[in-house]
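Here's model.pdb, which has PDB, C-alpha atoms and all ligand atoms:
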```pdb
ATOM      1  CA  MET Z   1     -24.704  15.516  18.506
ATOM      2  CA  GLN Z   2     -24.820  12.402  16.323
ATOM      3  CA  LYS Z   3     -23.197   9.208  17.580
ATOM      4  CA  ASP Z   4     -20.092   7.870  15.814
ATOM      5  CA  ILE Z   5     -20.932   5.773  12.739
ATOM      6  CA  ALA Z   6     -18.406   3.226  13.976
ATOM      7  CA  THR Z   7     -20.274   1.754  16.913
ATOM      8  CA  PRO Z   8     -21.849  -1.692  16.613
ATOM      9  CA  ILE Z   9     -25.325  -0.240  17.318
ATOM     10  CA  ARG Z  10     -25.227   2.650  14.863
ATOM     11  CA  THR Z  11     -23.573   0.505  12.148
ATOM     12  CA  LYS Z  12     -26.347  -2.101  12.508
ATOM     13  CA  GLU Z  13     -28.990   0.655  12.394
ATOM     14  CA  ILE Z  14     -27.533   2.027   9.154
ATOM     15  CA  LEU Z  15     -27.181  -1.419   7.547
ATOM     16  CA  ASN Z  16     -30.766  -2.324   8.500
ATOM     17  CA  LYS Z  17     -32.200   0.977   7.305
ATOM     18  CA  TYR Z  18     -30.798   0.355   3.813
ATOM     19  CA  GLY Z  19     -31.046  -3.456   3.809
ATOM     20  CA  PHE Z  20     -27.317  -3.530   3.030
ATOM     21  CA  LEU Z  21     -25.682  -6.955   2.670
ATOM     22  CA  PHE Z  22     -21.882  -7.228   2.758
ATOM     23  CA  LYS Z  23     -20.051  -8.304  -0.383
ATOM     24  CA  LYS Z  24     -17.145 -10.482   0.637
ATOM     25  CA  SER Z  25     -15.676 -10.207  -2.866
ATOM     26  CA  LEU Z  26     -15.196  -6.441  -2.287
ATOM     27  CA  GLY Z  27     -13.342  -6.903   1.006
ATOM     28  CA  GLN Z  28     -16.145  -5.282   3.008
ATOM     29  CA  ASN Z  29     -15.147  -5.464   6.680
ATOM     30  CA  PHE Z  30     -16.360  -2.291   8.335
ATOM     31  CA  LEU Z  31     -14.768  -0.809  11.449
ATOM     32  CA  ILE Z  32     -17.011  -0.602  14.503
ATOM     33  CA  ASP Z  33     -14.589   0.803  17.093
ATOM     34  CA  PRO Z  34     -14.204   4.600  17.365
ATOM     35  CA  ASN Z  35     -10.914   4.224  19.302
ATOM     36  CA  ILE Z  36      -9.227   2.456  16.406
ATOM     37  CA  LEU Z  37     -10.476   5.169  14.063
ATOM     38  CA  ARG Z  38      -9.057   7.862  16.308
ATOM     39  CA  ASN Z  39      -5.711   6.061  16.379
ATOM     40  CA  ILE Z  40      -5.656   5.748  12.587
ATOM     41  CA  THR Z  41      -6.539   9.418  12.122
ATOM     42  CA  ASP Z  42      -3.976  10.550  14.731
ATOM     43  CA  ALA Z  43      -1.270   8.461  13.053
ATOM     44  CA  ALA Z  44      -1.865  10.398   9.826
ATOM     45  CA  GLY Z  45      -0.941  13.705  11.543
ATOM     46  CA  LEU Z  46      -3.589  15.695   9.662
ATOM     47  CA  THR Z  47      -4.185  19.402  10.169
ATOM     48  CA  LYS Z  48      -6.968  21.735   9.079
ATOM     49  CA  THR Z  49      -5.014  22.463   5.905
ATOM     50  CA  SER Z  50      -4.370  18.796   4.992
ATOM     51  CA  GLY Z  51      -6.136  16.680   2.426
ATOM     52  CA  ALA Z  52      -6.989  13.000   2.890
ATOM     53  CA  ILE Z  53      -7.563  10.432   0.171
ATOM     54  CA  GLU Z  54      -9.591   7.468   1.379
ATOM     55  CA  ILE Z  55     -10.015   4.211  -0.493
ATOM     56  CA  GLY Z  56     -13.276   2.439   0.271
ATOM     57  CA  PRO Z  57     -15.272   4.603   2.685
ATOM     58  CA  GLY Z  58     -17.889   1.858   3.250
ATOM     59  CA  ILE Z  59     -20.632   3.558   5.275
ATOM     60  CA  GLY Z  60     -18.318   6.417   6.273
ATOM     61  CA  ALA Z  61     -16.884   5.240   9.611
ATOM     62  CA  LEU Z  62     -13.330   6.482   8.956
ATOM     63  CA  THR Z  63     -14.451   9.229   6.579
ATOM     64  CA  GLU Z  64     -16.221  11.156   9.329
ATOM     65  CA  HIS Z  65     -13.098  11.122  11.532
ATOM     66  CA  LEU Z  66     -11.007  12.362   8.592
ATOM     67  CA  ALA Z  67     -13.588  15.042   7.737
ATOM     68  CA  LYS Z  68     -13.347  16.402  11.275
ATOM     69  CA  SER Z  69      -9.519  16.498  11.150
ATOM     70  CA  CYS Z  70      -8.645  17.959   7.759
ATOM     71  CA  GLN Z  71      -9.636  20.405   5.055
ATOM     72  CA  LYS Z  72     -10.911  17.988   2.432
ATOM     73  CA  VAL Z  73     -11.510  14.249   2.022
ATOM     74  CA  LEU Z  74     -11.582  12.622  -1.392
ATOM     75  CA  ALA Z  75     -12.943   9.075  -1.127
ATOM     76  CA  PHE Z  76     -13.083   6.351  -3.805
ATOM     77  CA  GLU Z  77     -15.873   3.777  -3.429
ATOM     78  CA  ILE Z  78     -16.432   1.018  -5.986
ATOM     79  CA  ASP Z  79     -19.785  -0.237  -4.621
ATOM     80  CA  GLY Z  80     -22.646   1.910  -5.946
ATOM     81  CA  ARG Z  81     -25.015   0.582  -3.239
ATOM     82  CA  LEU Z  82     -23.013   2.568  -0.667
ATOM     83  CA  LEU Z  83     -23.448   5.942  -2.364
ATOM     84  CA  PRO Z  84     -26.948   6.807  -1.045
ATOM     85  CA  ILE Z  85     -25.875   5.578   2.397
ATOM     86  CA  LEU Z  86     -22.786   7.805   2.386
ATOM     87  CA  GLU Z  87     -24.845  10.765   1.243
ATOM     88  CA  ASP Z  88     -26.970  10.251   4.335
ATOM     89  CA  THR Z  89     -24.303   9.399   6.943
ATOM     90  CA  LEU Z  90     -21.852  12.072   5.781
ATOM     91  CA  SER Z  91     -24.408  14.848   5.252
ATOM     92  CA  PRO Z  92     -22.943  16.877   8.174
ATOM     93  CA  TYR Z  93     -19.554  17.034   6.381
ATOM     94  CA  PRO Z  94     -19.500  19.288   3.295
ATOM     95  CA  ASN Z  95     -15.722  18.792   2.977
ATOM     96  CA  VAL Z  96     -16.126  15.179   1.782
ATOM     97  CA  GLU Z  97     -16.317  14.244  -1.891
ATOM     98  CA  ILE Z  98     -17.160  10.670  -2.799
ATOM     99  CA  LEU Z  99     -16.087   9.370  -6.199
ATOM    100  CA  HIS Z 100     -17.867   6.256  -7.436
ATOM    101  CA  GLN Z 101     -14.762   4.672  -8.953
ATOM    102  CA  ASP Z 102     -12.497   1.659  -8.796
ATOM    103  CA  VAL Z 103      -9.335   3.215  -7.363
ATOM    104  CA  LEU Z 104      -7.211   0.851  -9.450
ATOM    105  CA  LYS Z 105      -8.630   2.371 -12.632
ATOM    106  CA  ALA Z 106      -8.718   5.982 -11.472
ATOM    107  CA  ASP Z 107      -6.449   8.667 -12.929
ATOM    108  CA  LEU Z 108      -5.199   9.707  -9.513
ATOM    109  CA  LYS Z 109      -2.710  12.323 -10.659
ATOM    110  CA  ALA Z 110      -5.371  14.178 -12.644
ATOM    111  CA  LEU Z 111      -7.909  13.894  -9.818
ATOM    112  CA  ILE Z 112      -5.458  15.241  -7.242
ATOM    113  CA  THR Z 113      -4.655  18.182  -9.532
ATOM    114  CA  GLU Z 114      -8.355  18.835 -10.098
ATOM    115  CA  LYS Z 115      -9.792  18.250  -6.623
ATOM    116  CA  LEU Z 116      -6.937  18.950  -4.194
ATOM    117  CA  HIS Z 117      -5.017  21.652  -6.077
ATOM    118  CA  ASP Z 118      -5.137  24.106  -3.170
ATOM    119  CA  ILE Z 119      -3.745  21.560  -0.678
ATOM    120  CA  GLN Z 120      -0.021  21.015   0.005
ATOM    121  CA  ASP Z 121      -0.175  18.212   2.547
ATOM    122  CA  ILE Z 122      -1.911  15.066   1.270
ATOM    123  CA  MET Z 123      -2.145  11.697   3.042
ATOM    124  CA  VAL Z 124      -3.815   8.455   1.975
ATOM    125  CA  VAL Z 125      -5.745   7.080   4.924
ATOM    126  CA  ALA Z 126      -7.737   3.878   4.512
ATOM    127  CA  ASN Z 127      -8.972   0.581   5.826
ATOM    128  CA  LEU Z 128      -8.050  -1.209   2.622
ATOM    129  CA  PRO Z 129     -10.062  -3.937   0.899
ATOM    130  CA  TYR Z 130      -7.782  -6.911   1.589
ATOM    131  CA  TYR Z 131      -8.233  -8.644  -1.778
ATOM    132  CA  VAL Z 132      -6.351  -5.779  -3.489
ATOM    133  CA  THR Z 133      -4.048  -4.385  -0.764
ATOM    134  CA  THR Z 134      -0.788  -4.759  -2.678
ATOM    135  CA  PRO Z 135      -1.977  -3.518  -6.112
ATOM    136  CA  ILE Z 136      -3.486  -0.420  -4.456
ATOM    137  CA  ILE Z 137      -0.341   0.457  -2.477
ATOM    138  CA  MET Z 138       1.915  -0.190  -5.484
ATOM    139  CA  LYS Z 139      -0.253   1.953  -7.762
ATOM    140  CA  LEU Z 140      -0.129   4.820  -5.261
ATOM    141  CA  LEU Z 141       3.671   4.584  -5.062
ATOM    142  CA  GLU Z 142       4.555   3.875  -8.692
ATOM    143  CA  GLU Z 143       2.499   6.813  -9.918
ATOM    144  CA  ARG Z 144       4.713   9.072  -7.799
ATOM    145  CA  LEU Z 145       1.754  11.016  -6.454
ATOM    146  CA  PRO Z 146       2.395  14.097  -4.338
ATOM    147  CA  LEU Z 147       1.678  12.320  -1.032
ATOM    148  CA  ARG Z 148       3.325  12.896   2.355
ATOM    149  CA  GLY Z 149       2.545   9.266   3.008
ATOM    150  CA  MET Z 150      -0.109   6.731   3.886
ATOM    151  CA  VAL Z 151      -1.695   5.262   6.978
ATOM    152  CA  VAL Z 152      -3.467   2.054   6.045
ATOM    153  CA  MET Z 153      -5.094  -0.925   7.705
ATOM    154  CA  LEU Z 154      -4.157  -4.207   6.035
ATOM    155  CA  GLN Z 155      -3.544  -7.885   6.766
ATOM    156  CA  LYS Z 156      -0.907  -8.286   9.492
ATOM    157  CA  GLU Z 157       0.948 -10.795   7.340
ATOM    158  CA  VAL Z 158       1.290  -8.207   4.543
ATOM    159  CA  ALA Z 159       2.332  -5.527   7.064
ATOM    160  CA  ASP Z 160       5.087  -7.866   8.288
ATOM    161  CA  ARG Z 161       6.327  -8.438   4.740
ATOM    162  CA  ILE Z 162       6.320  -4.706   3.987
ATOM    163  CA  ALA Z 163       8.465  -3.818   7.024
ATOM    164  CA  ALA Z 164      10.809  -6.851   6.875
ATOM    165  CA  GLY Z 165      14.591  -6.522   6.567
ATOM    166  CA  PRO Z 166      17.137  -8.793   4.822
ATOM    167  CA  GLY Z 167      17.701 -12.257   6.263
ATOM    168  CA  THR Z 168      14.130 -12.775   7.486
ATOM    169  CA  LYS Z 169      11.588 -15.079   5.935
ATOM    170  CA  GLU Z 170       9.139 -12.190   5.404
ATOM    171  CA  TYR Z 171      11.661 -10.190   3.344
ATOM    172  CA  GLY Z 172      10.984 -10.220  -0.387
ATOM    173  CA  SER Z 173      10.174  -8.181  -3.460
ATOM    174  CA  LEU Z 174       7.254  -6.453  -1.684
ATOM    175  CA  SER Z 175       9.507  -5.278   1.184
ATOM    176  CA  ILE Z 176      11.998  -3.869  -1.300
ATOM    177  CA  ALA Z 177       9.423  -2.252  -3.584
ATOM    178  CA  ILE Z 178       7.795  -0.417  -0.693
ATOM    179  CA  GLN Z 179      11.008   0.475   1.167
ATOM    180  CA  TYR Z 180      12.415   1.846  -2.099
ATOM    181  CA  TYR Z 181       9.781   4.610  -2.036
ATOM    182  CA  THR Z 182       8.906   4.906   1.663
ATOM    183  CA  ILE Z 183       9.914   4.355   5.272
ATOM    184  CA  PRO Z 184       7.412   1.881   6.746
ATOM    185  CA  GLU Z 185       6.473   1.474  10.395
ATOM    186  CA  THR Z 186       3.813  -0.533  12.171
ATOM    187  CA  VAL Z 187       1.437   1.713  14.114
ATOM    188  CA  MET Z 188      -0.596  -1.024  15.813
ATOM    189  CA  ILE Z 189      -1.850  -4.576  15.595
ATOM    190  CA  VAL Z 190      -5.617  -4.760  15.401
ATOM    191  CA  PRO Z 191      -7.840  -7.592  16.663
ATOM    192  CA  LYS Z 192     -10.557  -9.117  14.443
ATOM    193  CA  THR Z 193     -13.252  -8.044  16.878
ATOM    194  CA  VAL Z 194     -13.229  -4.408  15.747
ATOM    195  CA  PHE Z 195     -14.683  -5.324  12.339
ATOM    196  CA  MET Z 196     -18.134  -6.207  11.110
ATOM    197  CA  PRO Z 197     -18.114  -8.875   9.750
ATOM    198  CA  GLN Z 198     -14.877 -10.161  11.280
ATOM    199  CA  PRO Z 199     -12.147 -10.989   8.713
ATOM    200  CA  ASN Z 200     -10.390 -14.364   8.774
ATOM    201  CA  VAL Z 201      -6.962 -12.845   9.307
ATOM    202  CA  ASP Z 202      -5.288 -10.534  11.822
ATOM    203  CA  SER Z 203      -4.841  -6.907  10.843
ATOM    204  CA  ALA Z 204      -2.354  -4.103  11.372
ATOM    205  CA  VAL Z 205      -2.165  -0.384  10.754
ATOM    206  CA  ILE Z 206       1.020   0.794   9.086
ATOM    207  CA  ARG Z 207       2.387   4.209   8.226
ATOM    208  CA  LEU Z 208       4.454   4.723   5.072
ATOM    209  CA  ARG Z 209       6.408   7.984   4.945
ATOM    210  CA  THR Z 210       7.290   8.959   1.378
ATOM    211  CA  ARG Z 211      11.038   9.361   0.860
ATOM    212  CA  GLU Z 212      12.201  12.520  -0.884
ATOM    213  CA  ARG Z 213      14.306  10.338  -3.147
ATOM    214  CA  PRO Z 214      14.239   6.527  -3.581
ATOM    215  CA  VAL Z 215      16.567   4.794  -1.149
ATOM    216  CA  VAL Z 216      19.011   3.911  -3.945
ATOM    217  CA  GLN Z 217      19.658   5.718  -7.221
ATOM    218  CA  VAL Z 218      19.804   3.140 -10.034
ATOM    219  CA  LEU Z 219      20.611   3.425 -13.732
ATOM    220  CA  ASN Z 220      17.384   1.733 -14.794
ATOM    221  CA  GLU Z 221      14.468   1.340 -12.401
ATOM    222  CA  VAL Z 222      12.528  -1.193 -14.493
ATOM    223  CA  PHE Z 223      15.640  -3.383 -14.714
ATOM    224  CA  PHE Z 224      16.244  -3.008 -10.944
ATOM    225  CA  PHE Z 225      12.758  -4.330 -10.145
ATOM    226  CA  ASP Z 226      13.176  -7.085 -12.737
ATOM    227  CA  ILE Z 227      16.400  -8.221 -11.001
ATOM    228  CA  ILE Z 228      14.573  -8.320  -7.679
ATOM    229  CA  ARG Z 229      11.662 -10.324  -9.078
ATOM    230  CA  LYS Z 230      14.062 -12.806 -10.680
ATOM    231  CA  SER Z 231      16.204 -13.071  -7.521
ATOM    232  CA  PHE Z 232      13.184 -14.135  -5.463
ATOM    233  CA  ALA Z 233      11.629 -16.392  -8.144
ATOM    234  CA  GLN Z 234      12.498 -19.548  -6.178
ATOM    235  CA  ARG Z 235      13.418 -18.661  -2.651
ATOM    236  CA  ARG Z 236      15.447 -21.778  -1.942
ATOM    237  CA  LYS Z 237      17.706 -21.291  -4.960
ATOM    238  CA  THR Z 238      20.923 -19.273  -4.913
ATOM    239  CA  LEU Z 239      21.081 -15.829  -6.437
ATOM    240  CA  LEU Z 240      23.228 -17.156  -9.289
ATOM    241  CA  ASN Z 241      20.727 -19.897 -10.139
ATOM    242  CA  ASN Z 242      17.709 -17.619  -9.958
ATOM    243  CA  LEU Z 243      19.354 -14.954 -12.105
ATOM    244  CA  SER Z 244      20.664 -17.367 -14.713
ATOM    245  CA  ASN Z 245      17.256 -19.064 -14.887
ATOM    246  CA  GLY Z 246      15.665 -15.652 -15.302
ATOM    247  CA  PHE Z 247      18.046 -14.266 -17.939
ATOM    248  CA  GLY Z 248      18.944 -17.509 -19.725
ATOM    249  CA  LYS Z 249      21.761 -19.997 -19.127
ATOM    250  CA  GLU Z 250      23.954 -18.296 -21.752
ATOM    251  CA  LYS Z 251      24.234 -15.306 -19.400
ATOM    252  CA  LYS Z 252      25.482 -17.393 -16.439
ATOM    253  CA  GLU Z 253      29.194 -16.572 -16.858
ATOM    254  CA  LEU Z 254      28.492 -12.869 -17.205
ATOM    255  CA  ILE Z 255      26.291 -12.899 -14.101
ATOM    256  CA  LEU Z 256      28.971 -14.749 -12.144
ATOM    257  CA  GLU Z 257      31.539 -12.152 -13.183
ATOM    258  CA  VAL Z 258      29.241  -9.317 -12.051
ATOM    259  CA  LEU Z 259      28.586 -11.005  -8.704
ATOM    260  CA  HIS Z 260      32.327 -11.246  -8.097
ATOM    261  CA  LYS Z 261      32.841  -7.653  -9.177
ATOM    262  CA  THR Z 262      30.176  -6.429  -6.737
ATOM    263  CA  ASN Z 263      31.513  -8.621  -3.884
ATOM    264  CA  ILE Z 264      28.291 -10.622  -3.645
ATOM    265  CA  ASP Z 265      28.785 -14.321  -3.005
ATOM    266  CA  PRO Z 266      26.946 -16.185  -5.842
ATOM    267  CA  LYS Z 267      25.817 -18.799  -3.324
ATOM    268  CA  ARG Z 268      23.849 -16.246  -1.328
ATOM    269  CA  ARG Z 269      20.062 -16.241  -1.578
ATOM    270  CA  GLY Z 270      18.104 -13.190  -2.683
ATOM    271  CA  GLU Z 271      16.579 -12.823   0.774
ATOM    272  CA  THR Z 272      19.980 -11.923   2.265
ATOM    273  CA  LEU Z 273      20.682  -8.926   0.004
ATOM    274  CA  SER Z 274      20.035  -5.385   1.178
ATOM    275  CA  ILE Z 275      18.353  -2.863  -1.142
ATOM    276  CA  GLU Z 276      21.744  -1.163  -1.596
ATOM    277  CA  GLU Z 277      23.292  -4.468  -2.720
ATOM    278  CA  PHE Z 278      20.438  -5.028  -5.175
ATOM    279  CA  GLY Z 279      21.059  -1.482  -6.469
ATOM    280  CA  LYS Z 280      24.770  -2.176  -7.018
ATOM    281  CA  LEU Z 281      24.054  -5.553  -8.646
ATOM    282  CA  SER Z 282      21.402  -4.078 -10.925
ATOM    283  CA  ASP Z 283      23.644  -1.241 -12.145
ATOM    284  CA  CYS Z 284      26.596  -3.535 -12.762
ATOM    285  CA  LEU Z 285      24.456  -6.105 -14.627
ATOM    286  CA  TRP Z 286      22.806  -3.345 -16.637
ATOM    287  CA  VAL Z 287      26.214  -2.074 -17.824
ATOM    288  CA  SER Z 288      27.426  -5.627 -18.602
ATOM    289  CA  PHE Z 289      24.269  -6.511 -20.566
ATOM    290  CA  ASN Z 290      24.251  -3.190 -22.442
ATOM    291  CA  PRO Z 291      27.943  -2.395 -22.994
ATOM    292  CA  LYS Z 292      27.242   0.388 -25.518
ATOM    293  CA  SER Z 293      24.589   2.263 -23.534
TER
HETATM  294  N1  LIG B   1     -13.658   2.457   5.394
HETATM  295  C1  LIG B   1     -14.720   1.558   5.802
HETATM  296  C2  LIG B   1     -14.499   1.135   7.220
HETATM  297  O1  LIG B   1     -13.352   1.200   7.662
HETATM  298  O2  LIG B   1     -15.448   0.728   7.873
HETATM  299  C3  LIG B   1     -14.825   0.331   4.881
HETATM  300  C4  LIG B   1     -13.543  -0.436   4.668
HETATM  301  S1  LIG B   1     -13.756  -1.976   3.837
HETATM  302  C5  LIG B   1     -12.384  -2.890   4.468
HETATM  303  C6  LIG B   1     -13.173  -1.705   2.175
HETATM  304  C7  LIG B   1     -14.045  -0.795   1.297
HETATM  305  O3  LIG B   1     -13.411  -0.671   0.014
HETATM  306  C8  LIG B   1     -15.453  -1.293   0.989
HETATM  307  O4  LIG B   1     -16.371  -0.256   1.164
HETATM  308  C9  LIG B   1     -15.408  -1.723  -0.494
HETATM  309  O5  LIG B   1     -16.640  -1.615  -1.157
HETATM  310  C10 LIG B   1     -14.372  -0.757  -1.033
HETATM  311  N2  LIG B   1     -13.641  -1.209  -2.230
HETATM  312  C11 LIG B   1     -13.307  -2.488  -2.561
HETATM  313  N3  LIG B   1     -12.579  -2.511  -3.695
HETATM  314  C12 LIG B   1     -12.440  -1.209  -4.099
HETATM  315  C13 LIG B   1     -11.797  -0.582  -5.216
HETATM  316  N4  LIG B   1     -11.131  -1.315  -6.135
HETATM  317  N5  LIG B   1     -11.877   0.764  -5.347
HETATM  318  C14 LIG B   1     -12.543   1.499  -4.406
HETATM  319  N6  LIG B   1     -13.167   0.962  -3.327
HETATM  320  C15 LIG B   1     -13.114  -0.373  -3.168
END
```
When written as structure tokens, how does the structure in this file appear?
Amino acid sequence: MQKDIATPIRTKEILNKYGFLFKKSLGQNFLIDPNILRNITDAAGLTKTSGAIEIGPGIGALTEHLAKSCQKVLAFEIDGRLLPILEDTLSPYPNVEILHQDVLKADLKALITEKLHDIQDIMVVANLPYYVTTPIIMKLLEERLPLRGMVVMLQKEVADRIAAGPGTKEYGSLSIAIQYYTIPETVMIVPKTVFMPQPNVDSAVIRLRTRERPVVQVLNEVFFFDIIRKSFAQRRKTLLNNLSNGFGKEKKELILEVLHKTNIDPKRRGETLSIEEFGKLSDCLWVSFNPKS
């Protein structure tokens, strides 16, 4: 029986065998603790009929745990130098398919239809490259992929922002964007020592459970997210100031009227509004700005 890839000794052996040097610019911090990998895989709740999509398999540390727990693993790896290594380390697992692609450029919907068409239950499970954590998660959510959810390792600071509620300093447009589509929860905080090389920041594993329907139903989703972005443009400014800066001073009176109509004090800051309040505000502003629509 082969040893886990994710032990310091075996990882070093593999890296030495291929003369592999880490690329910091690709967020390459490999996991070297099998316990953490078991926890991540368990948190995903996979069964033998599930599919897993992994982003950045590295040398296959997490991939092998996923391969043992589900029907099929589809893994996206941007670094071509890792392909021959993965072919070697994952040779015992015929249910893994590695795609040499930048996940941010991949046509995920088409690939899921093509490669995972016989699978109902699909989870994204990954130790994400930290330089692109947010764009990856947002792409996965905005494309409305048929996912049960995600279990991902990311920077603790980003995990805190994702799970934050109104009135906290971590709460912002990222919290709202992710909570709009999913229910987030922190699975565990992870020390730097379980990575090779060690990252500069603390990490956390979070689980995002896809909601059947977004948390609020709004008239125009693009406008809703635009309102949120504008409301948080300058955190110390009031909602009224941020919105009238964002939409133009000539709209100030109209915005004030809408704030009164929706019972939202214009002196409040964006960070105090719940998603439901942003939904109400967005719909009311949308109707006021587009009276004929
Ligand atoms: N899963 C491995 C582990 O846990 O040991 C490696 C995780 S490492 C944090 C991130 C991985 O993502 C690296 O292998 C890196 O090359 C890959 N990667 C970085 N940017 C990527 C992108 N845009 N698309 C796909 N893979 C990417």
Find the residues around Z:Val158 up to 10 Å (all atoms listed in the file counted), leave out those fewer than 6 positions away in its own chain, and share them as a PDB file with C-alpha atoms, keeping the file's coordinate frame.
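Just written: selection31.pdb:
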```
ATOM      1  CA  TYR Z 130      -7.782  -6.911   1.589  1.00  0.00           C
ATOM      2  CA  THR Z 133      -4.048  -4.385  -0.764  1.00  0.00           C
ATOM      3  CA  THR Z 134      -0.788  -4.759  -2.678  1.00  0.00           C
ATOM      4  CA  ALA Z 164      10.809  -6.851   6.875  1.00  0.00           C
ATOM      5  CA  GLU Z 170       9.139 -12.190   5.404  1.00  0.00           C
ATOM      6  CA  LEU Z 174       7.254  -6.453  -1.684  1.00  0.00           C
ATOM      7  CA  SER Z 175       9.507  -5.278   1.184  1.00  0.00           C
ATOM      8  CA  SER Z 203      -4.841  -6.907  10.843  1.00  0.00           C
ATOM      9  CA  ALA Z 204      -2.354  -4.103  11.372  1.00  0.00           C
TER      10      ALA Z 204
END
```
(request) Name the closest residue to Z:Ile264 among the candidates Z:Gln179, Z:Thr41, Z:Ser244, Z:Thr238; distances are taken between atoms, counting all atoms listed in the file. (result)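 Smallest distance to Z:Ile264 is found for Z:Thr238.
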Exercise. Give me the result of the PyMOL selection byres (((chain Z and resi 259-263) around 9) and not hetatm) on this file, residue by residue, as a ChimeraX atom specification.
Key: /Z:240,254-258,264-266,277,280-281,284-285
- Item | Non-local contacts of Z:Asp102 (7 Å; all atoms listed in the file; under 5 positions in same chain excluded) as a PyMOL selection string | chain Z and resi 76-78
Please return as a list in words the residues found within 6 Å of ligand LIG 1 (chain B), counting all atoms listed in the file.
Leu26, Gly27, Gln28, Asn29, Phe30, Leu31, Ile55, Gly56, Pro57, Gly58, Ala61, Leu62, Phe76, Glu77, Ile78, Asp79, Gln101, Asp102, Val103, Leu104, Asn127, Leu128 and Pro129 of chain Z
Give me the stretch 146-167 of chain Z side of the contact with stretch 116-126 of chain Z, cut-off 12 Å, one line per residue showing its nearest atom pair and distance in Å at one decimal, counting only C-alpha atoms, sorted by chain and residue number, as a tab-separated table.
```
residue	atom	partner	partner_atom	distance
Z:Pro146	CA	Z:Ile122	CA	7.1
Z:Leu147	CA	Z:Ile122	CA	5.1
Z:Arg148	CA	Z:Met123	CA	5.6
Z:Gly149	CA	Z:Met123	CA	5.3
Z:Met150	CA	Z:Val124	CA	4.5
Z:Val151	CA	Z:Val125	CA	4.9
Z:Val152	CA	Z:Ala126	CA	4.9
Z:Met153	CA	Z:Ala126	CA	6.3
Z:Leu154	CA	Z:Ala126	CA	9.0
```
